[in-house]
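Undergrad: One file: input-v1.csv (CSV, C-alpha atoms).
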chain,number,residue,atom,x,y,z
A,48,MET,CA,1.0,-25.6,9.8
A,49,ALA,CA,3.1,-24.1,12.5
A,50,THR,CA,6.5,-22.8,11.5
A,51,ARG,CA,9.5,-24.2,13.3
A,52,LYS,CA,12.0,-21.6,14.3
A,53,ILE,CA,15.7,-22.5,14.6
A,54,ALA,CA,16.9,-21.3,18.0
A,55,GLY,CA,19.9,-19.1,18.0
A,56,ALA,CA,21.2,-15.6,18.0
A,57,ASN,CA,19.8,-13.5,15.2
A,58,THR,CA,22.3,-10.8,15.3
A,59,ALA,CA,25.7,-12.5,14.8
A,60,SER,CA,28.3,-10.0,14.0
A,61,ALA,CA,29.5,-10.3,10.4
A,62,LYS,CA,32.6,-8.2,11.1
A,63,THR,CA,33.8,-11.6,12.3
A,64,VAL,CA,33.7,-12.7,8.7
A,65,LYS,CA,36.8,-10.7,8.1
A,66,ALA,CA,38.8,-12.6,10.8
A,67,ALA,CA,39.8,-15.4,8.5
A,68,GLY,CA,41.6,-13.1,6.2
A,69,ALA,CA,43.0,-10.6,8.6
A,70,ALA,CA,46.6,-11.2,7.6
A,71,PRO,CA,47.6,-10.0,4.1
A,72,ARG,CA,49.2,-12.6,1.8
A,73,LYS,CA,52.7,-12.1,0.4
A,74,ALA,CA,51.5,-11.3,-3.0
A,75,ALA,CA,48.9,-8.9,-1.7
A,76,ALA,CA,51.5,-7.0,0.4
A,77,LYS,CA,52.9,-5.6,-2.9
A,78,THR,CA,49.7,-3.9,-3.7
A,79,ALA,CA,48.3,-1.1,-1.6
A,80,ALA,CA,44.7,-2.0,-2.6
A,81,THR,CA,44.9,-5.2,-0.6
A,82,LYS,CA,46.0,-3.8,2.8
A,83,VAL,CA,43.6,-4.6,5.6
A,84,PRO,CA,42.8,-1.9,8.1
A,85,ALA,CA,43.6,-2.5,11.7
A,86,ALA,CA,40.0,-2.0,12.6
A,87,LYS,CA,39.0,-5.0,10.6
A,88,LYS,CA,41.5,-7.2,12.5
A,89,ALA,CA,39.9,-6.2,15.8
A,90,ALA,CA,36.5,-7.3,14.5
A,91,ALA,CA,37.7,-10.8,14.4
A,92,LYS,CA,37.2,-11.2,18.1
A,93,LYS,CA,33.4,-11.1,17.6
A,94,ALA,CA,33.1,-14.0,15.2
A,95,PRO,CA,30.0,-16.2,15.6
A,96,ALA,CA,30.6,-19.8,16.5
A,97,GLN,CA,29.1,-21.0,13.2
A,98,ALA,CA,31.3,-18.7,11.0
A,99,SER,CA,34.5,-19.3,12.9
A,100,ALA,CA,34.1,-23.1,12.9
A,101,ALA,CA,34.3,-23.3,9.1
A,102,LYS,CA,37.1,-22.3,6.7
A,103,LYS,CA,36.5,-19.2,4.6
A,104,PRO,CA,34.1,-19.8,1.8
A,105,LYS,CA,34.7,-18.7,-1.8
A,106,VAL,CA,33.6,-15.0,-1.9
A,107,THR,CA,34.1,-12.2,-4.3
A,108,ALA,CA,36.8,-9.7,-3.3
A,109,PRO,CA,37.4,-6.4,-5.2
A,110,ALA,CA,40.7,-6.2,-7.0
A,111,LYS,CA,42.3,-3.3,-8.9
A,112,GLN,CA,42.3,-4.0,-12.7
A,113,ASN,CA,45.3,-1.7,-13.1
A,114,ALA,CA,47.4,-3.2,-10.3
A,115,ALA,CA,50.1,-4.2,-12.8
A,116,ALA,CA,51.1,-0.5,-13.2
A,117,LYS,CA,52.0,-0.4,-9.5
A,118,THR,CA,54.1,-3.5,-9.3
A,119,PRO,CA,57.9,-3.4,-8.6
A,120,ALA,CA,58.5,-5.2,-11.9
A,121,VAL,CA,57.9,-2.1,-13.9
A,122,LYS,CA,60.8,-0.3,-12.1
A,123,ALA,CA,63.4,-2.9,-12.8
A,124,SER,CA,65.9,-2.1,-15.5
A,125,ALA,CA,66.4,-4.8,-18.1
A,126,ALA,CA,70.1,-4.1,-18.2
A,127,LYS,CA,70.6,-4.5,-14.5
A,128,THR,CA,68.3,-7.4,-13.8
A,129,PRO,CA,69.0,-10.7,-15.7
A,130,ALA,CA,65.8,-12.2,-17.2
A,131,ALA,CA,66.5,-15.4,-15.3
A,132,LYS,CA,66.4,-13.7,-12.0
A,133,THR,CA,63.2,-11.8,-12.6
A,134,PRO,CA,60.6,-14.4,-13.5
A,135,ALA,CA,57.5,-12.6,-14.8
A,136,ALA,CA,55.2,-15.2,-13.3
A,137,LYS,CA,56.1,-14.1,-9.7
A,138,THR,CA,55.0,-10.5,-10.2
A,139,PRO,CA,51.6,-9.3,-9.1
A,140,ALA,CA,51.0,-8.2,-12.7
A,141,ALA,CA,50.9,-11.9,-13.8
A,142,LYS,CA,47.9,-12.4,-11.4
A,143,THR,CA,45.8,-9.9,-13.2
A,144,PRO,CA,45.4,-11.5,-16.6
A,145,ALA,CA,44.3,-9.3,-19.5
A,146,ARG,CA,41.4,-11.7,-20.2
A,147,LYS,CA,39.6,-10.4,-17.1
A,148,THR,CA,38.9,-7.2,-19.1
A,149,PRO,CA,35.6,-7.4,-21.0
A,150,ARG,CA,35.8,-7.6,-24.8
A,151,ALA,CA,33.6,-4.6,-25.2
A,152,LYS,CA,36.0,-1.7,-25.3
A,153,PRO,CA,35.2,1.6,-23.5
A,154,THR,CA,34.0,4.4,-25.7
A,155,HIS,CA,35.7,6.9,-23.4
A,156,ASN,CA,38.1,6.9,-20.5
A,157,PRO,CA,36.9,9.3,-17.7
A,158,PRO,CA,38.9,9.5,-14.5
A,159,HIS,CA,36.4,7.4,-12.6
A,160,ASP,CA,36.5,4.6,-15.1
A,161,THR,CA,38.8,2.1,-13.3
A,162,PRO,CA,36.2,-0.3,-11.9
A,163,THR,CA,37.3,-3.0,-9.5
A,164,THR,CA,36.8,-6.6,-10.4
A,165,ALA,CA,35.2,-9.1,-8.1
A,166,ARG,CA,37.0,-12.5,-7.8
A,167,ALA,CA,36.1,-15.7,-6.2
A,168,THR,CA,38.4,-18.1,-4.3
A,169,ARG,CA,37.5,-21.8,-4.0
A,170,SER,CA,37.6,-23.7,-0.7
A,171,THR,CA,37.3,-27.5,-0.2
A,172,THR,CA,35.2,-27.0,3.0
A,173,ALA,CA,32.9,-24.2,1.9
A,174,GLY,CA,31.0,-23.1,-1.1
A,175,GLU,CA,31.2,-19.8,-3.1
A,176,ILE,CA,29.3,-16.8,-2.0
A,177,ARG,CA,28.0,-14.4,-4.6
A,178,ILE,CA,26.2,-11.1,-3.8
A,179,GLY,CA,24.2,-9.1,-6.2
A,180,ILE,CA,21.2,-7.0,-7.1
A,181,GLY,CA,18.2,-7.3,-9.5
A,182,GLY,CA,19.0,-5.9,-12.9
A,183,TRP,CA,21.4,-3.1,-13.7
A,184,THR,CA,19.2,-0.5,-15.5
A,185,PHE,CA,17.6,1.9,-13.0
A,186,GLU,CA,17.7,5.6,-13.5
A,187,PRO,CA,17.9,6.6,-9.8
A,188,TRP,CA,21.3,4.7,-9.6
A,189,ARG,CA,22.9,7.2,-11.9
A,190,GLY,CA,25.0,9.6,-9.9
A,191,VAL,CA,24.5,7.5,-6.8
A,192,PHE,CA,25.8,4.0,-7.7
A,193,TYR,CA,26.9,4.8,-11.2
A,194,PRO,CA,29.5,7.6,-11.5
A,195,GLU,CA,28.4,10.8,-13.2
A,196,GLY,CA,29.1,10.8,-16.9
A,197,LEU,CA,29.0,7.0,-17.2
A,198,THR,CA,27.0,6.1,-20.4
A,199,GLN,CA,24.0,3.8,-20.0
A,200,LYS,CA,25.6,1.2,-22.3
A,201,ARG,CA,28.5,0.8,-19.9
A,202,GLU,CA,26.4,0.3,-16.8
A,203,LEU,CA,26.5,-3.5,-16.8
A,204,GLU,CA,30.3,-3.3,-17.3
A,205,TYR,CA,30.6,-1.1,-14.2
A,206,ALA,CA,28.1,-3.0,-12.0
A,207,SER,CA,29.6,-6.4,-12.7
A,208,ARG,CA,32.9,-5.1,-11.2
A,209,GLN,CA,31.4,-3.9,-8.0
A,210,LEU,CA,29.2,-7.0,-7.4
A,211,THR,CA,29.6,-10.7,-8.1
A,212,SER,CA,26.3,-11.6,-9.6
A,213,ILE,CA,23.2,-9.9,-11.0
A,214,GLU,CA,19.7,-11.4,-11.3
A,215,ILE,CA,18.3,-10.7,-14.8
A,216,ASN,CA,14.6,-9.9,-14.4
A,217,GLY,CA,13.8,-8.9,-18.0
A,218,THR,CA,13.6,-12.6,-18.8
A,219,PHE,CA,10.5,-12.8,-16.5
A,220,TYR,CA,8.5,-10.5,-18.8
A,221,GLY,CA,9.6,-11.7,-22.2
A,222,SER,CA,12.2,-13.6,-24.2
A,223,GLN,CA,15.6,-12.1,-24.9
A,224,LYS,CA,17.7,-12.4,-28.1
A,225,PRO,CA,20.6,-14.9,-28.1
A,226,GLU,CA,22.8,-11.9,-29.1
A,227,SER,CA,21.8,-10.1,-25.9
A,228,PHE,CA,23.0,-13.0,-23.7
A,229,ALA,CA,26.2,-13.2,-25.7
A,230,LYS,CA,26.8,-9.4,-25.3
A,231,TRP,CA,26.1,-9.6,-21.5
A,232,HIS,CA,28.6,-12.5,-21.3
A,233,ASP,CA,31.3,-10.4,-23.1
A,234,GLU,CA,30.8,-7.3,-21.0
A,235,THR,CA,31.4,-8.9,-17.6
A,236,PRO,CA,34.5,-10.4,-15.9
A,237,ASP,CA,35.4,-14.0,-16.5
A,238,ASP,CA,34.3,-15.1,-13.0
A,239,PHE,CA,31.0,-13.2,-13.0
A,240,VAL,CA,27.6,-15.1,-12.8
A,241,PHE,CA,24.1,-14.2,-13.8
A,242,ALA,CA,20.9,-15.6,-12.3
A,243,LEU,CA,17.8,-15.6,-14.5
A,244,LYS,CA,14.2,-15.1,-13.6
A,245,ALA,CA,12.3,-17.6,-15.7
A,246,PRO,CA,9.3,-16.4,-17.8
A,247,ARG,CA,6.0,-15.9,-16.0
A,248,PHE,CA,4.3,-17.7,-18.9
A,249,ALA,CA,5.6,-21.0,-17.3
A,250,THR,CA,4.7,-20.2,-13.7
A,251,HIS,CA,1.6,-18.0,-13.8
A,252,ARG,CA,-0.8,-20.7,-15.0
A,253,ARG,CA,-3.5,-22.8,-13.4
A,254,VAL,CA,-2.0,-26.2,-14.3
A,255,LEU,CA,1.7,-26.2,-13.8
A,256,ALA,CA,2.1,-29.7,-15.3
A,257,GLN,CA,1.2,-28.1,-18.7
A,258,ALA,CA,4.2,-25.7,-18.6
A,259,GLY,CA,6.5,-28.0,-20.5
A,260,GLU,CA,6.4,-26.1,-23.8
A,261,SER,CA,7.1,-22.8,-22.1
A,262,ILE,CA,10.0,-24.3,-20.2
A,263,GLU,CA,11.6,-25.8,-23.3
A,264,ARG,CA,11.2,-22.5,-25.3
A,265,PHE,CA,12.9,-20.6,-22.5
A,266,VAL,CA,15.9,-22.9,-22.2
A,267,ALA,CA,16.3,-22.8,-26.0
A,268,SER,CA,15.9,-19.0,-26.2
A,269,GLY,CA,19.7,-18.3,-26.0
A,270,ILE,CA,20.4,-18.5,-22.3
A,271,LEU,CA,23.3,-20.9,-23.0
A,272,GLU,CA,25.1,-18.0,-24.7
A,273,LEU,CA,26.0,-17.0,-21.1
A,274,ARG,CA,28.2,-20.1,-21.1
A,275,ASP,CA,30.1,-20.4,-17.7
A,276,LYS,CA,28.3,-17.3,-16.5
A,277,LEU,CA,24.9,-19.0,-16.4
A,278,GLY,CA,23.9,-19.3,-12.8
A,279,PRO,CA,20.6,-20.5,-11.2
A,280,ILE,CA,17.2,-20.0,-12.7
A,281,ASN,CA,14.5,-18.6,-10.4
A,282,TRP,CA,11.0,-19.8,-11.2
A,283,GLN,CA,8.9,-17.2,-9.3
A,284,PHE,CA,5.2,-17.9,-8.7
A,285,ALA,CA,2.3,-15.5,-8.1
A,286,PRO,CA,1.3,-14.8,-4.5
A,287,THR,CA,-2.1,-16.3,-5.2
A,288,LYS,CA,-0.6,-19.6,-6.4
A,289,GLN,CA,-1.5,-22.3,-3.9
A,290,PHE,CA,0.4,-25.6,-3.2
A,291,ASP,CA,-0.9,-28.6,-5.0
A,292,ALA,CA,1.5,-31.5,-4.3
A,293,GLN,CA,0.7,-33.6,-7.4
A,294,ASP,CA,0.8,-30.6,-9.8
A,295,PHE,CA,3.9,-29.1,-8.3
A,296,ASP,CA,5.7,-32.4,-8.4
A,297,ALA,CA,4.9,-32.7,-12.1
A,298,PHE,CA,6.2,-29.1,-12.7
A,299,LEU,CA,9.5,-29.8,-11.0
A,300,ALA,CA,9.9,-32.9,-13.1
A,301,LEU,CA,9.7,-30.8,-16.2
A,302,LEU,CA,12.7,-28.7,-15.2
A,303,PRO,CA,15.7,-29.9,-17.3
A,304,GLN,CA,18.8,-30.9,-15.4
A,305,HIS,CA,21.1,-30.3,-18.4
A,306,ALA,CA,21.0,-28.3,-21.6
A,307,GLY,CA,23.6,-28.1,-24.3
A,308,GLY,CA,26.0,-30.1,-22.2
A,309,ARG,CA,25.7,-27.7,-19.2
A,310,ALA,CA,24.2,-28.5,-15.9
A,311,LEU,CA,21.3,-26.3,-14.9
A,312,ARG,CA,20.4,-25.2,-11.4
A,313,HIS,CA,16.8,-24.3,-10.5
A,314,ALA,CA,15.1,-22.4,-7.6
A,315,VAL,CA,11.4,-21.9,-6.9
A,316,GLU,CA,10.1,-18.7,-5.3
A,317,VAL,CA,6.7,-19.4,-3.7
A,318,ARG,CA,4.7,-16.8,-1.9
A,319,HIS,CA,1.4,-18.4,-0.7
A,320,GLU,CA,1.1,-19.6,2.8
A,321,SER,CA,-0.1,-23.1,1.7
A,322,PHE,CA,3.5,-23.8,0.7
A,323,ARG,CA,4.5,-23.8,4.4
A,324,ASN,CA,4.2,-27.5,4.2
A,325,PRO,CA,6.8,-30.3,4.9
A,326,GLU,CA,5.6,-32.1,1.7
A,327,PHE,CA,6.6,-29.1,-0.4
A,328,VAL,CA,10.1,-29.2,1.1
A,329,ALA,CA,10.3,-32.9,0.5
A,330,LEU,CA,9.4,-32.4,-3.2
A,331,ALA,CA,12.0,-29.7,-3.6
A,332,ARG,CA,14.7,-32.0,-2.1
A,333,LYS,CA,13.5,-34.9,-4.3
A,334,HIS,CA,14.2,-32.8,-7.4
A,335,GLY,CA,17.3,-31.0,-6.1
A,336,VAL,CA,15.6,-27.6,-6.5
A,337,ALA,CA,16.4,-24.7,-4.1
A,338,ILE,CA,13.6,-22.9,-2.3
A,339,VAL,CA,14.2,-19.2,-2.5
A,340,MET,CA,14.7,-17.8,1.0
A,341,ALA,CA,12.8,-14.5,1.3
A,342,GLY,CA,14.4,-12.2,4.0
A,343,ASP,CA,13.0,-9.1,5.5
A,344,SER,CA,9.9,-9.5,3.3
A,345,LYS,CA,6.2,-9.5,3.6
A,346,TYR,CA,6.2,-12.9,1.9
A,347,LEU,CA,6.5,-16.2,3.7
A,348,GLN,CA,10.0,-17.4,4.6
A,349,ILE,CA,11.0,-21.0,4.0
A,350,ALA,CA,14.7,-21.3,4.9
A,351,ASP,CA,14.9,-25.1,4.5
A,352,VAL,CA,17.9,-26.0,2.4
A,353,SER,CA,16.8,-28.3,-0.4
A,354,ALA,CA,19.5,-28.2,-3.1
A,355,PRO,CA,23.3,-28.1,-3.4
A,356,PHE,CA,23.1,-24.3,-3.4
A,357,VAL,CA,21.2,-21.6,-1.6
A,358,TYR,CA,19.3,-18.8,-3.3
A,359,ALA,CA,18.3,-15.9,-1.0
A,360,ARG,CA,16.6,-12.6,-1.7
A,361,ILE,CA,16.6,-10.0,1.0
A,362,MET,CA,14.2,-7.1,0.7
A,363,GLY,CA,14.6,-4.8,3.7
A,364,THR,CA,16.7,-1.9,2.6
A,365,SER,CA,15.5,1.5,3.6
A,366,ASP,CA,16.4,5.2,3.0
A,367,ALA,CA,17.4,5.5,6.6
A,368,HIS,CA,20.8,4.0,6.0
A,369,LYS,CA,23.3,4.9,3.2
A,370,GLN,CA,24.1,1.2,2.8
A,371,GLY,CA,20.5,0.2,2.8
A,372,TYR,CA,20.8,-1.7,6.1
A,373,ASP,CA,22.3,-0.8,9.4
A,374,ASP,CA,25.6,-2.5,10.5
A,375,ALA,CA,23.8,-5.1,12.7
A,376,ALA,CA,21.7,-6.3,9.8
A,377,LEU,CA,24.6,-6.4,7.4
A,378,ASP,CA,26.6,-8.3,9.9
A,379,ARG,CA,23.7,-10.8,10.3
A,380,TRP,CA,23.2,-11.5,6.6
A,381,SER,CA,26.9,-11.9,5.9
A,382,ALA,CA,27.1,-14.4,8.8
A,383,HIS,CA,24.1,-16.2,7.4
A,384,ALA,CA,25.8,-16.5,4.0
A,385,GLN,CA,28.9,-18.0,5.6
A,386,THR,CA,26.9,-20.5,7.5
A,387,TRP,CA,25.1,-21.6,4.4
A,388,ALA,CA,28.3,-21.8,2.5
A,389,ALA,CA,29.8,-24.0,5.2
A,390,GLY,CA,26.9,-26.4,5.0
A,391,GLY,CA,24.7,-25.3,7.9
A,392,THR,CA,21.4,-23.6,8.5
A,393,PRO,CA,21.5,-20.1,10.1
A,394,ALA,CA,19.9,-19.6,13.4
A,395,GLY,CA,16.8,-17.4,13.6
A,396,LEU,CA,15.3,-18.2,10.2
A,397,GLU,CA,12.0,-19.9,9.6
A,398,THR,CA,12.0,-23.5,8.5
A,399,VAL,CA,9.2,-26.1,7.8
A,400,ALA,CA,10.7,-29.6,7.5
A,401,GLU,CA,11.3,-31.7,10.6
A,402,THR,CA,14.9,-32.5,9.5
A,403,GLU,CA,17.7,-30.5,8.1
A,404,ALA,CA,19.5,-31.2,4.8
A,405,PRO,CA,22.8,-33.1,5.0
A,406,HIS,CA,25.7,-30.9,6.1
A,407,ALA,CA,27.7,-30.1,3.0
A,408,ALA,CA,29.4,-27.1,1.4
A,409,ARG,CA,27.1,-25.1,-0.8
A,410,ASP,CA,27.3,-22.2,-3.2
A,411,VAL,CA,25.3,-19.2,-2.0
A,412,PHE,CA,23.6,-16.6,-4.2
A,413,LEU,CA,22.3,-13.7,-2.2
A,414,TYR,CA,20.5,-10.8,-3.9
A,415,VAL,CA,19.5,-7.4,-2.4
A,416,ILE,CA,16.0,-6.9,-4.0
A,417,SER,CA,13.2,-4.4,-3.6
A,418,GLY,CA,13.1,-2.4,-0.4
A,419,HIS,CA,14.7,1.0,-0.9
A,420,LYS,CA,16.1,0.1,-4.3
A,421,VAL,CA,18.3,3.2,-4.6
A,422,HIS,CA,20.6,1.8,-1.8
A,423,ASN,CA,20.5,-1.9,-2.9
A,424,PRO,CA,23.9,-1.7,-4.7
A,425,ALA,CA,25.5,-0.1,-1.6
A,426,ALA,CA,24.1,-2.9,0.6
A,427,GLY,CA,25.5,-5.5,-1.8
A,428,MET,CA,28.9,-4.0,-1.8
A,429,ALA,CA,28.8,-3.7,2.0
A,430,LEU,CA,28.2,-7.4,2.3
A,431,ILE,CA,31.0,-8.2,-0.1
A,432,GLU,CA,33.3,-6.0,2.0
A,433,ARG,CA,32.4,-8.0,5.1
A,434,LEU,CA,33.1,-11.3,3.3
A,435,LYS,CA,36.5,-10.4,2.0
A,436,PRO,CA,39.4,-12.7,3.2
Would you mind writing the structure in this file as structure tokens?

TA:
Amino acid sequence: MATRKIAGANTASAKTVKAAGAAPRKAAAKTAATKVPAAKKAAAKKAPAQASAAKKPKVTAPAKQNAAAKTPAVKASAAKTPAAKTPAAKTPAAKTPARKTPRAKPTHNPPHDTPTTARATRSTTAGEIRIGIGGWTFEPWRGVFYPEGLTQKRELEYASRQLTSIEINGTFYGSQKPESFAKWHDETPDDFVFALKAPRFATHRRVLAQAGESIERFVASGILELRDKLGPINWQFAPTKQFDAQDFDAFLALLPQHAGGRALRHAVEVRHESFRNPEFVALARKHGVAIVMAGDSKYLQIADVSAPFVYARIMGTSDAHKQGYDDAALDRWSAHAQTWAAGGTPAGLETVAETEAPHAARDVFLYVISGHKVHNPAAGMALIERLKP
């Protein structure tokens, strides 16, 4: 079936994303880490119509963990400043609660070991945007993304403070221990979120309607140990798996909406051209399941919004750019993320259904996957920088 293209510019400048937060807030003015360069203010003039029309979505912004040490409060003398006139709640230090520090204590304290922590800010008119990568254990990242001398057991601790989400891919190949999920929870900031790739034993089968036992086993395997850090679950299908409406409907009906008192969010990643079918989009919308949007990929792209959140995986990084993508591409994807968060569908992406989903604020999970993997963390951090208020 022919793919419907959404008309519109495909190269919206994401430097516009910075426009909404060009002016520093009063609290931020006390901390050097939150100053906004004049060059970022100038970028505000190039904001695309879609991004500028909506208020700033909830995004992750790096913040210094040790900002409390730089606040004026530490310079005040207790003898000269009455306690009633120096309320601790008004100092920047009070806005960096100790609970943001992971429970796992560092084994050493090298000079580079002061990671930034990504935080999200909620908006009533736009969803939260989270940017991440696939996994955190990758030897070529050592000395490039990870600082020299950082031990392997602290790599998740470090990565979770440079990015706002990570897609765990080990769960695709086999079950993990509940203790592992609990450990990952404790090593990451309070507002960090993991996405999980569901086990291939559930998706790589001839009859999907028979996957119930595998699905139940996965949900009961300990994933709830992530608690509030449990994000969407990506059910990825083999490129050879073809669309069968009845069988796929039965599979989607097997995906639990709740477990252990927690709401679960599901996404399906399909790769066979037969899924380029309006009936597939209708089924996904019926069950409230997101269709994974593949960007810069050899796989088919279905950008139809079908759930209260968007799950995107972009795969076009290259070794030609230190940040994986050139500035134009980074601008474009950051603008797309803002459009999704504000409830729209970005221009220039391939859709299938004849109608768009209702306009509503949505959370966005965007992962830089595959491509030139060495530069994927740099691309993720560059997108976060463009989305900072």

Undergrad: Between A:Leu301, A:Trp387, A:His313, A:Val399, which one has atoms that come closest to A:Gln348, using all atoms listed in the file?

TA: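 The closest residue to A:Gln348 is A:Val399.
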
Undergrad: Just the number, please: distance in Å from atom CA of A:Leu377 to atom CA of A:Gly181, one decimal.

TA: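 Here the two named atoms are 18.1 Å from each other.
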
Undergrad: Name all residues at most 10 Å from stretch 237-243 of chain A (count all atoms listed in the file; drop same-chain ones fewer than 4 positions away) and give them as a ChimeraX atom specification.

TA: /A:107,146-149,164-167,177-179,181-182,207-208,210-219,231-233,270,273-282,312-313,358,412,414

Undergrad: Can you measure atom CA of A:Ala389 to atom CA of A:Leu311 for me? One decimal in Å is fine.

TA: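 Atom CA of A:Leu311 lies 21.9 Å from atom CA of A:Ala389.
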
Undergrad: From the list A:Phe298, A:Phe290, A:Phe192, A:Tyr346, which residue is nearest A:Ser261 when using all atoms listed in the file?

TA: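 Checking each of A:Phe298, A:Phe290, A:Phe192, A:Tyr346 against A:Ser261, counting all atoms listed in the file, the winner is A:Phe298.
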
Undergrad: Skipping near chain neighbours, those fewer than 5 positions away, what residues fall within 8 Å of A:Thr392 using all atoms listed in the file, listed as a count of residues only?

TA: 7

Undergrad: Hey, what's within 6 Å of A:Ile361 if we count all atoms listed in the file and toss same-chain stuff fewer than 6 positions away? As an NGL selection string, please?

TA: :A and (341-343 or 415-416)

Undergrad: Work out how far atom CA of A:Ala300 is from atom CA of A:Gly221, in Å to one decimal.

TA: 23.1 Å

Undergrad: Which residues, written as an mmCIF file with C-alpha atoms, keeping the file's coordinate frame, have at least one atom at most 9 Å from A:Arg247, with only C-alpha atoms counted and residues fewer than 2 positions away on the same chain left out?

TA:
data_model
loop_
_atom_site.group_PDB
_atom_site.id
_atom_site.type_symbol
_atom_site.label_atom_id
_atom_site.label_comp_id
_atom_site.auth_asym_id
_atom_site.auth_seq_id
_atom_site.Cartn_x
_atom_site.Cartn_y
_atom_site.Cartn_z
ATOM 1 C CA THR A 218 13.600 -12.600 -18.800
ATOM 2 C CA PHE A 219 10.500 -12.800 -16.500
ATOM 3 C CA TYR A 220 8.500 -10.500 -18.800
ATOM 4 C CA GLY A 221 9.600 -11.700 -22.200
ATOM 5 C CA LYS A 244 14.200 -15.100 -13.600
ATOM 6 C CA ALA A 245 12.300 -17.600 -15.700
ATOM 7 C CA ALA A 249 5.600 -21.000 -17.300
ATOM 8 C CA THR A 250 4.700 -20.200 -13.700
ATOM 9 C CA HIS A 251 1.600 -18.000 -13.800
ATOM 10 C CA ARG A 252 -0.800 -20.700 -15.000
ATOM 11 C CA TRP A 282 11.000 -19.800 -11.200
ATOM 12 C CA GLN A 283 8.900 -17.200 -9.300
ATOM 13 C CA PHE A 284 5.200 -17.900 -8.700
ATOM 14 C CA ALA A 285 2.300 -15.500 -8.100
#

Undergrad: Between A:Arg379, A:Gln385, A:Gly371, A:Val421, which is the closest to A:Lys435 once you count only C-alpha atoms?

TA: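 That would be A:Gln385, the residue with the smallest distance to A:Lys435.
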
Undergrad: Write out as a list in words the residues lying within 10 Å of A:Phe327, counting all atoms listed in the file and excluding same-chain residues fewer than 2 positions away.

TA: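 Close residues of A:Phe327: Phe290, Asp291, Ala292, Phe295, Asp296, Ser321, Phe322, Arg323, Asn324, Pro325, Ala329, Leu330, Ala331, Arg332, Lys333, Ile338, Val399 and Ala400 of chain A.
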
Undergrad: Give one line per residue of stretch 234-260 of chain A that approaches stretch 198-205 of chain A to at most 9 Å, naming the two atoms of the closest pair and their distance in Å to one decimal, counting only C-alpha atoms; sort by chain then ascending residue number and deliver it as a tab-separated table.

TA:
residue	atom	partner	partner_atom	distance
A:Glu234	CA	A:Glu204	CA	5.5
A:Thr235	CA	A:Glu204	CA	5.7
A:Pro236	CA	A:Glu204	CA	8.4

Undergrad: Please produce a file of the residues just selected, as a PDB file, in the coordinates of the input, where the atoms kept are C-alpha atoms.

TA:
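Writing the result to out.pdb gives the following:
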ATOM      1  CA  GLU A 234      30.800  -7.300 -21.000  1.00  0.00           C
ATOM      2  CA  THR A 235      31.400  -8.900 -17.600  1.00  0.00           C
ATOM      3  CA  PRO A 236      34.500 -10.400 -15.900  1.00  0.00           C
TER       4      PRO A 236
END
